[in-house]
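Source file: data35.cif; contents: mmCIF, C-alpha atoms and all ligand atoms.
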```cif
data_final
#
loop_
_atom_site.label_atom_id
_atom_site.label_comp_id
_atom_site.auth_asym_id
_atom_site.auth_seq_id
_atom_site.Cartn_x
_atom_site.Cartn_y
_atom_site.Cartn_z
CA MET X 28 0.00 0.00 0.00
CA THR X 29 2.66 2.51 1.09
CA LYS X 30 4.73 1.42 -1.86
CA ALA X 31 1.91 2.05 -4.33
CA VAL X 32 1.26 5.53 -2.91
CA SER X 33 4.92 6.55 -2.95
CA LYS X 34 5.28 5.18 -6.48
CA ASN X 35 2.85 7.82 -7.68
CA ILE X 36 5.06 10.66 -6.48
CA PRO X 37 7.40 11.52 -9.35
CA VAL X 38 11.08 12.12 -8.63
CA ILE X 39 13.35 13.95 -11.05
CA ALA X 40 17.04 13.45 -10.26
CA ILE X 41 19.48 16.10 -11.49
CA ASP X 42 23.14 15.24 -11.02
CA GLY X 43 26.33 16.83 -12.24
CA PRO X 44 29.54 18.59 -11.29
CA SER X 45 29.84 21.96 -9.51
CA GLY X 46 28.91 24.92 -11.64
CA SER X 47 27.00 22.98 -14.27
CA GLY X 48 23.82 24.98 -13.60
CA LYS X 49 21.98 22.25 -11.66
CA GLY X 50 20.74 24.68 -9.00
CA VAL X 51 19.08 27.07 -11.45
CA ILE X 52 17.60 24.28 -13.56
CA THR X 53 16.29 22.55 -10.42
CA GLN X 54 14.60 25.77 -9.28
CA ARG X 55 13.08 26.45 -12.68
CA LEU X 56 11.77 22.90 -13.06
CA ALA X 57 10.37 23.02 -9.53
CA ARG X 58 8.51 26.21 -10.38
CA ALA X 59 7.24 24.78 -13.67
CA PHE X 60 5.85 21.62 -12.06
CA GLY X 61 5.08 22.95 -8.55
CA TYR X 62 7.35 20.24 -7.08
CA HIS X 63 9.47 20.23 -3.92
CA ILE X 64 13.24 20.67 -4.06
CA LEU X 65 15.97 18.65 -2.39
CA ASP X 66 19.30 20.50 -2.44
CA SER X 67 21.43 17.58 -1.24
CA GLY X 68 24.68 19.57 -1.40
CA ALA X 69 23.19 21.89 1.23
CA ILE X 70 22.78 18.91 3.55
CA TYR X 71 26.52 18.12 3.35
CA ARG X 72 27.23 21.81 3.96
CA LEU X 73 24.90 21.76 7.00
CA ILE X 74 26.70 18.77 8.48
CA GLY X 75 29.92 20.79 8.32
CA LEU X 76 28.20 23.75 10.02
CA VAL X 77 26.70 21.58 12.76
CA ALA X 78 30.05 19.89 13.37
CA ARG X 79 31.77 23.24 13.83
CA LYS X 80 28.95 24.47 16.07
CA HIS X 81 29.20 21.41 18.32
CA GLY X 82 33.01 21.13 18.21
CA VAL X 83 33.05 17.82 16.33
CA SER X 84 36.15 17.10 14.21
CA LEU X 85 35.56 16.82 10.46
CA GLU X 86 37.61 13.63 10.58
CA ASP X 87 35.52 11.86 13.23
CA GLU X 88 33.30 9.79 10.93
CA ALA X 89 31.19 8.14 13.65
CA ALA X 90 30.51 11.41 15.50
CA LEU X 91 29.66 13.17 12.22
CA ALA X 92 27.28 10.37 11.27
CA ALA X 93 25.58 10.68 14.68
CA LEU X 94 25.11 14.44 14.14
CA ALA X 95 23.92 13.86 10.58
CA GLU X 96 21.31 11.35 11.70
CA LYS X 97 19.74 13.92 14.05
CA LEU X 98 20.07 16.88 11.69
CA ASP X 99 17.34 19.38 12.58
CA VAL X 100 16.90 21.08 9.23
CA SER X 101 14.07 22.58 7.25
CA PHE X 102 13.93 24.12 3.80
CA LYS X 103 11.39 26.91 3.33
CA THR X 104 10.32 28.50 0.07
CA THR X 105 10.80 32.26 0.18
CA GLY X 106 8.67 33.29 -2.79
CA ASP X 107 11.77 35.10 -4.11
CA ALA X 108 12.47 33.90 -7.67
CA GLU X 109 16.22 34.68 -7.38
CA ASP X 110 16.73 32.92 -4.05
CA PRO X 111 13.75 30.62 -3.56
CA LEU X 112 15.04 28.44 -0.74
CA ALA X 113 15.72 29.44 2.87
CA ILE X 114 17.58 26.88 5.00
CA TRP X 115 16.95 26.62 8.73
CA LEU X 116 19.16 24.70 11.12
CA GLU X 117 18.26 24.09 14.77
CA GLY X 118 15.76 26.98 14.62
CA TYR X 119 18.07 29.51 12.90
CA ASP X 120 18.15 30.80 9.35
CA VAL X 121 21.53 29.65 7.99
CA THR X 122 20.87 30.29 4.30
CA ARG X 123 23.88 32.60 3.92
CA ASP X 124 26.27 30.54 6.08
CA VAL X 125 25.58 27.45 4.01
CA ARG X 126 26.65 29.19 0.77
CA THR X 127 30.08 30.37 1.94
CA ASP X 128 33.26 28.91 0.42
CA GLU X 129 34.25 27.65 3.87
CA ALA X 130 31.01 25.65 4.10
CA GLY X 131 31.74 24.24 0.64
CA VAL X 132 35.22 23.13 1.68
CA ASP X 133 33.87 21.54 4.89
CA ALA X 134 31.13 19.81 2.87
CA SER X 135 33.71 18.33 0.53
CA LYS X 136 35.49 16.82 3.56
CA VAL X 137 32.40 15.16 5.05
CA ALA X 138 30.85 14.06 1.73
CA PRO X 139 33.28 11.16 1.05
CA LEU X 140 32.50 9.53 4.42
CA ALA X 141 30.34 6.41 3.94
CA GLU X 142 28.72 6.53 7.40
CA VAL X 143 27.70 10.15 6.90
CA ARG X 144 26.17 9.40 3.50
CA GLU X 145 24.26 6.46 4.94
CA ALA X 146 23.06 8.55 7.92
CA ILE X 147 21.30 11.07 5.66
CA ARG X 148 19.83 8.60 3.19
CA LEU X 149 16.41 8.51 4.87
CA LEU X 150 16.38 12.26 5.48
CA GLN X 151 16.95 12.81 1.76
CA ARG X 152 14.27 10.30 0.79
CA SER X 153 11.80 12.02 3.14
CA PHE X 154 11.77 14.98 0.72
CA LYS X 155 9.78 12.78 -1.68
CA ARG X 156 6.31 14.17 -1.04
CA PRO X 157 3.29 14.96 -3.22
CA PRO X 158 3.04 16.38 -5.79
CA GLY X 159 6.66 15.49 -6.69
CA LEU X 160 10.35 16.14 -6.09
CA ILE X 161 13.30 17.58 -8.00
CA ALA X 162 16.46 16.29 -6.30
CA ASP X 163 19.77 18.03 -7.05
CA GLY X 164 23.19 16.54 -6.22
CA ARG X 165 25.88 14.08 -7.24
CA ASP X 166 24.27 10.71 -6.45
CA MET X 167 20.55 11.40 -6.74
CA GLY X 168 20.00 9.15 -9.77
CA THR X 169 22.70 6.59 -8.91
CA VAL X 170 22.08 5.99 -5.18
CA VAL X 171 19.52 7.98 -3.21
CA PHE X 172 16.76 7.91 -5.82
CA ALA X 173 17.95 5.05 -7.99
CA ASP X 174 14.20 4.55 -8.62
CA ALA X 175 13.71 8.12 -9.95
CA ASP X 176 11.27 8.55 -12.84
CA VAL X 177 13.56 10.95 -14.70
CA LYS X 178 17.35 11.20 -14.46
CA ILE X 179 19.30 14.07 -15.94
CA TYR X 180 23.07 14.47 -15.87
CA LEU X 181 23.98 18.09 -16.43
CA THR X 182 27.57 18.87 -17.29
CA ALA X 183 29.81 21.48 -18.95
CA SER X 184 33.52 21.78 -19.62
CA ALA X 185 35.65 22.86 -16.65
CA GLN X 186 36.68 25.95 -18.63
CA ALA X 187 33.05 27.00 -19.22
CA ARG X 188 32.17 26.45 -15.55
CA ALA X 189 35.18 28.45 -14.41
CA GLU X 190 34.23 31.30 -16.75
CA ARG X 191 30.66 31.35 -15.40
CA ARG X 192 31.89 31.47 -11.81
CA TYR X 193 34.41 34.18 -12.75
CA LYS X 194 31.63 36.32 -14.20
CA GLN X 195 29.38 35.80 -11.13
CA LEU X 196 32.20 36.90 -8.81
CA LYS X 197 33.18 39.81 -11.04
CA ASP X 198 29.57 41.02 -11.00
CA LYS X 199 29.85 41.07 -7.21
CA ASP X 200 33.16 42.98 -7.44
CA ILE X 201 35.08 40.02 -6.05
CA SER X 202 38.44 39.71 -7.79
CA VAL X 203 39.84 36.25 -8.38
CA SER X 204 41.91 34.75 -11.18
CA LEU X 205 40.18 32.69 -13.84
CA HIS X 206 43.05 30.21 -13.75
CA SER X 207 42.69 29.58 -10.00
CA LEU X 208 38.94 29.00 -10.44
CA PHE X 209 39.64 26.57 -13.27
CA MET X 210 42.17 24.66 -11.17
CA SER X 211 39.85 24.46 -8.18
CA ILE X 212 36.95 23.20 -10.33
CA ARG X 213 39.22 20.52 -11.81
CA GLU X 214 40.29 19.48 -8.32
CA ARG X 215 36.68 19.25 -7.06
CA ASP X 216 35.66 17.23 -10.13
CA LYS X 217 38.48 14.82 -9.48
CA ARG X 218 37.53 14.42 -5.82
CA ASP X 219 33.82 13.95 -6.58
CA MET X 220 34.39 11.54 -9.48
CA THR X 221 37.08 9.33 -7.99
CA ARG X 222 35.87 8.86 -4.42
CA GLU X 223 35.04 5.33 -3.37
CA VAL X 224 31.52 5.99 -2.08
CA ALA X 225 28.82 7.27 -4.43
CA PRO X 226 31.19 8.83 -7.00
CA LEU X 227 29.77 11.38 -9.40
CA LYS X 228 28.82 9.70 -12.69
CA PRO X 229 25.78 9.64 -14.93
CA ALA X 230 23.16 7.09 -13.84
CA SER X 231 22.49 4.43 -16.42
CA HIS X 232 19.75 5.70 -18.77
CA ALA X 233 20.28 9.29 -17.58
CA ALA X 234 19.69 11.94 -20.23
CA ILE X 235 22.92 13.90 -20.56
CA ILE X 236 22.86 17.64 -21.21
CA ASP X 237 26.19 19.33 -21.98
CA SER X 238 25.63 23.01 -21.30
CA THR X 239 29.12 24.16 -22.42
CA SER X 240 27.81 26.21 -25.32
CA LEU X 241 24.16 26.56 -24.29
CA SER X 242 22.40 29.45 -22.59
CA ILE X 243 20.55 28.71 -19.36
CA ASP X 244 17.25 29.11 -21.26
CA GLU X 245 18.37 26.52 -23.82
CA VAL X 246 19.37 24.11 -21.04
CA PHE X 247 16.02 24.63 -19.35
CA ASP X 248 14.13 23.99 -22.60
CA GLN X 249 16.02 20.71 -23.09
CA ALA X 250 15.45 19.65 -19.47
CA LEU X 251 11.76 20.53 -19.68
CA ALA X 252 11.37 18.49 -22.88
CA ILE X 253 13.08 15.49 -21.25
CA VAL X 254 10.95 15.66 -18.10
CA THR X 255 7.70 16.22 -19.96
CA GLY X 256 8.49 13.37 -22.34
CA LYS X 257 9.17 10.95 -19.48
CA LEU X 258 6.33 11.92 -17.17
CA ASP X 259 3.61 11.89 -19.83
O1 LIG O 301 26.68 21.12 -4.74
P1 LIG O 301 27.42 21.67 -3.51
O2 LIG O 301 28.61 22.52 -3.85
O3 LIG O 301 26.51 22.37 -2.55
O4 LIG O 301 28.00 20.37 -2.77
C1 LIG O 301 28.77 20.46 -1.61
C2 LIG O 301 29.65 19.22 -1.48
O5 LIG O 301 28.86 18.07 -1.23
C3 LIG O 301 30.51 18.91 -2.70
O6 LIG O 301 31.82 18.58 -2.24
C4 LIG O 301 29.88 17.68 -3.33
C5 LIG O 301 29.16 17.04 -2.16
N1 LIG O 301 27.89 16.40 -2.54
C6 LIG O 301 27.85 15.03 -2.58
O7 LIG O 301 28.87 14.37 -2.35
N2 LIG O 301 26.68 14.39 -2.87
C7 LIG O 301 25.57 15.09 -3.15
N3 LIG O 301 24.45 14.44 -3.43
C8 LIG O 301 25.60 16.51 -3.13
C9 LIG O 301 26.79 17.14 -2.83
#
```
Please rewrite the model in this file as structure tokens.
Ligand code: DC
Amino acid sequence: MTKAVSKNIPVIAIDGPSGSGKGVITQRLARAFGYHILDSGAIYRLIGLVARKHGVSLEDEAALAALAEKLDVSFKTTGDAEDPLAIWLEGYDVTRDVRTDEAGVDASKVAPLAEVREAIRLLQRSFKRPPGLIADGRDMGTVVFADADVKIYLTASAQARAERRYKQLKDKDISVSLHSLFMSIRERDKRDMTREVAPLKPASHAAIIDSTSLSIDEVFDQALAIVTGKLD
């Protein structure tokens, strides 16, 4: 009975490397279909934040897994098209803290730990609620929602992703070299793709979109066509 009910809730898994545009496409698809969003990267970032808050070492796998299992988090829609998701941790709005570079670095340290990944499996699956879910991450289609109705792997060359990030930072008057961004993207790709547990790779039968020379509108149109084609 439970199985039949949950089977009727569509899940769209969007995986891919950093800077491939997954976040924006996830938000636009969620708006188009009125579905919920799971930003799984934010959960790894939150584990890093919680660990720092409670003085737990980022190398203590068992203690991190225990924190992760009890993670008191909620995602709230803001109604703001630019920044639609507010993230609350233990009763506080941590939306900005979660997006810092430091939180990203901490997240990349806790993400390879098998016990941590296992500890948040059920939490991630609990985001599957009516009318449907768009799940964004690295292992949505391969592990957490291996049963997803639609799987999309969104990628772009490291150079294109570095140039996008460079432009975003430049627009905010933050000066950084394009080369250092490129090198750091390559390093993150390598870490995400070669780790032992849940490495980043396209799920079998995933539709692959290479956004290197596409505008965000063109990527969205392709993603929308894929999702509509599969859900109909
Ligand atoms: O997408 P992001 O930058 O917020 O991800 C933060 C870190 O978490 C990054 O190192 C990749 C990792 N991650 C993961 O291992 N599995 C996911 N499903 C999502 C993110």
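Closest approach to Tyr119 (chain X) among X:Val77, X:Asp248, X:Asp87, X:Ser135: X:Val77, based on all atoms listed in the file.
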Could you produce a table of the residues of region 104-212 of chain X lying within 12 Å of region 217-228 of chain X, with the nearest pair of atoms per residue and their separation in Å rounded to one decimal, using all atoms listed in the file, ordered by chain and increasing residue number, as CSV?
```
residue,atom,partner,partner_atom,distance
X:Val132,CA,X:Arg218,CA,11.7
X:Ala134,CA,X:Asp219,CA,11.4
X:Ser135,CA,X:Asp219,CA,8.4
X:Lys136,CA,X:Arg218,CA,9.9
X:Val137,CA,X:Val224,CA,11.6
X:Ala138,CA,X:Asp219,CA,8.8
X:Pro139,CA,X:Val224,CA,6.3
X:Leu140,CA,X:Val224,CA,7.5
X:Ala141,CA,X:Val224,CA,6.1
X:Glu142,CA,X:Val224,CA,9.9
X:Val143,CA,X:Val224,CA,10.6
X:Arg144,CA,X:Val224,CA,8.4
X:Glu145,CA,X:Val224,CA,10.1
X:Arg148,CA,X:Ala225,CA,11.9
X:Gly164,CA,X:Leu227,CA,8.9
X:Arg165,CA,X:Leu227,CA,5.2
X:Asp166,CA,X:Ala225,CA,6.1
X:Met167,CA,X:Ala225,CA,9.5
X:Gly168,CA,X:Lys228,CA,9.3
X:Thr169,CA,X:Ala225,CA,7.6
X:Val170,CA,X:Ala225,CA,6.9
X:Val171,CA,X:Ala225,CA,9.4
X:Ala173,CA,X:Ala225,CA,11.7
X:Lys178,CA,X:Lys228,CA,11.7
X:Ile179,CA,X:Lys228,CA,11.0
X:Tyr180,CA,X:Lys228,CA,8.1
X:Leu181,CA,X:Lys228,CA,10.4
X:Thr182,CA,X:Lys228,CA,10.3
X:Ala185,CA,X:Lys217,CA,11.1
X:Met210,CA,X:Lys217,CA,10.6
X:Ser211,CA,X:Lys217,CA,9.8
X:Ile212,CA,X:Lys217,CA,8.6
```
Residue neighbourhood Val100 (chain X), 12 Å, all atoms listed in the file, exclusion window fewer than 6 positions, as an MDAnalysis selection string
chainID X and resid 65:67 69:74 76:77 94 113:122 125 147 150:151 154
How far is it from CA of Ser231 (chain X) to atom P1 of ligand LIG 301 (chain O), in Å with one decimal?
22.1 Å
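One distance worth recording is that between atom O7 of ligand LIG 301 (chain O) and CA of Ala234 (chain X), which is 20.2 Å.
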Please report the interatomic distance between CA of Asp198 (chain X) and CA of Thr105 (chain X) in Å with one decimal.
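That distance, rounded to one decimal, is 23.5 Å.
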Quick one: everything within 12 Å of Gly48 (chain X), counting all atoms listed in the file, minus sequence neighbours fewer than 5 positions away in the same chain. Send it as a count of residues only.
30
From the list X:His232, X:Pro158, X:Val51, X:Gln195, the nearest residue to ligand LIG 301 (chain O) using only C-alpha atoms and all ligand atoms is X:Val51
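The smallest atom-to-atom distance between ligand LIG 301 (chain O) and any of X:Ile36, X:Ala93, X:Ala162, X:Ala146, using all atoms listed in the file, is found for X:Ala162.
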Among listed residues X:Lys194, X:Glu88, X:Ile161, X:Leu205, nearest Phe60 (chain X) (using only C-alpha atoms)
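Among the listed residues, the smallest separation from Phe60 (chain X) belongs to X:Ile161.
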For Leu251 (chain X), which residue among X:Leu91, X:Ala230, X:Ile39, X:Leu56 is the nearest when counting only C-alpha atoms?
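Checking each candidate against Leu251 (chain X), we get X:Leu56 as the closest.
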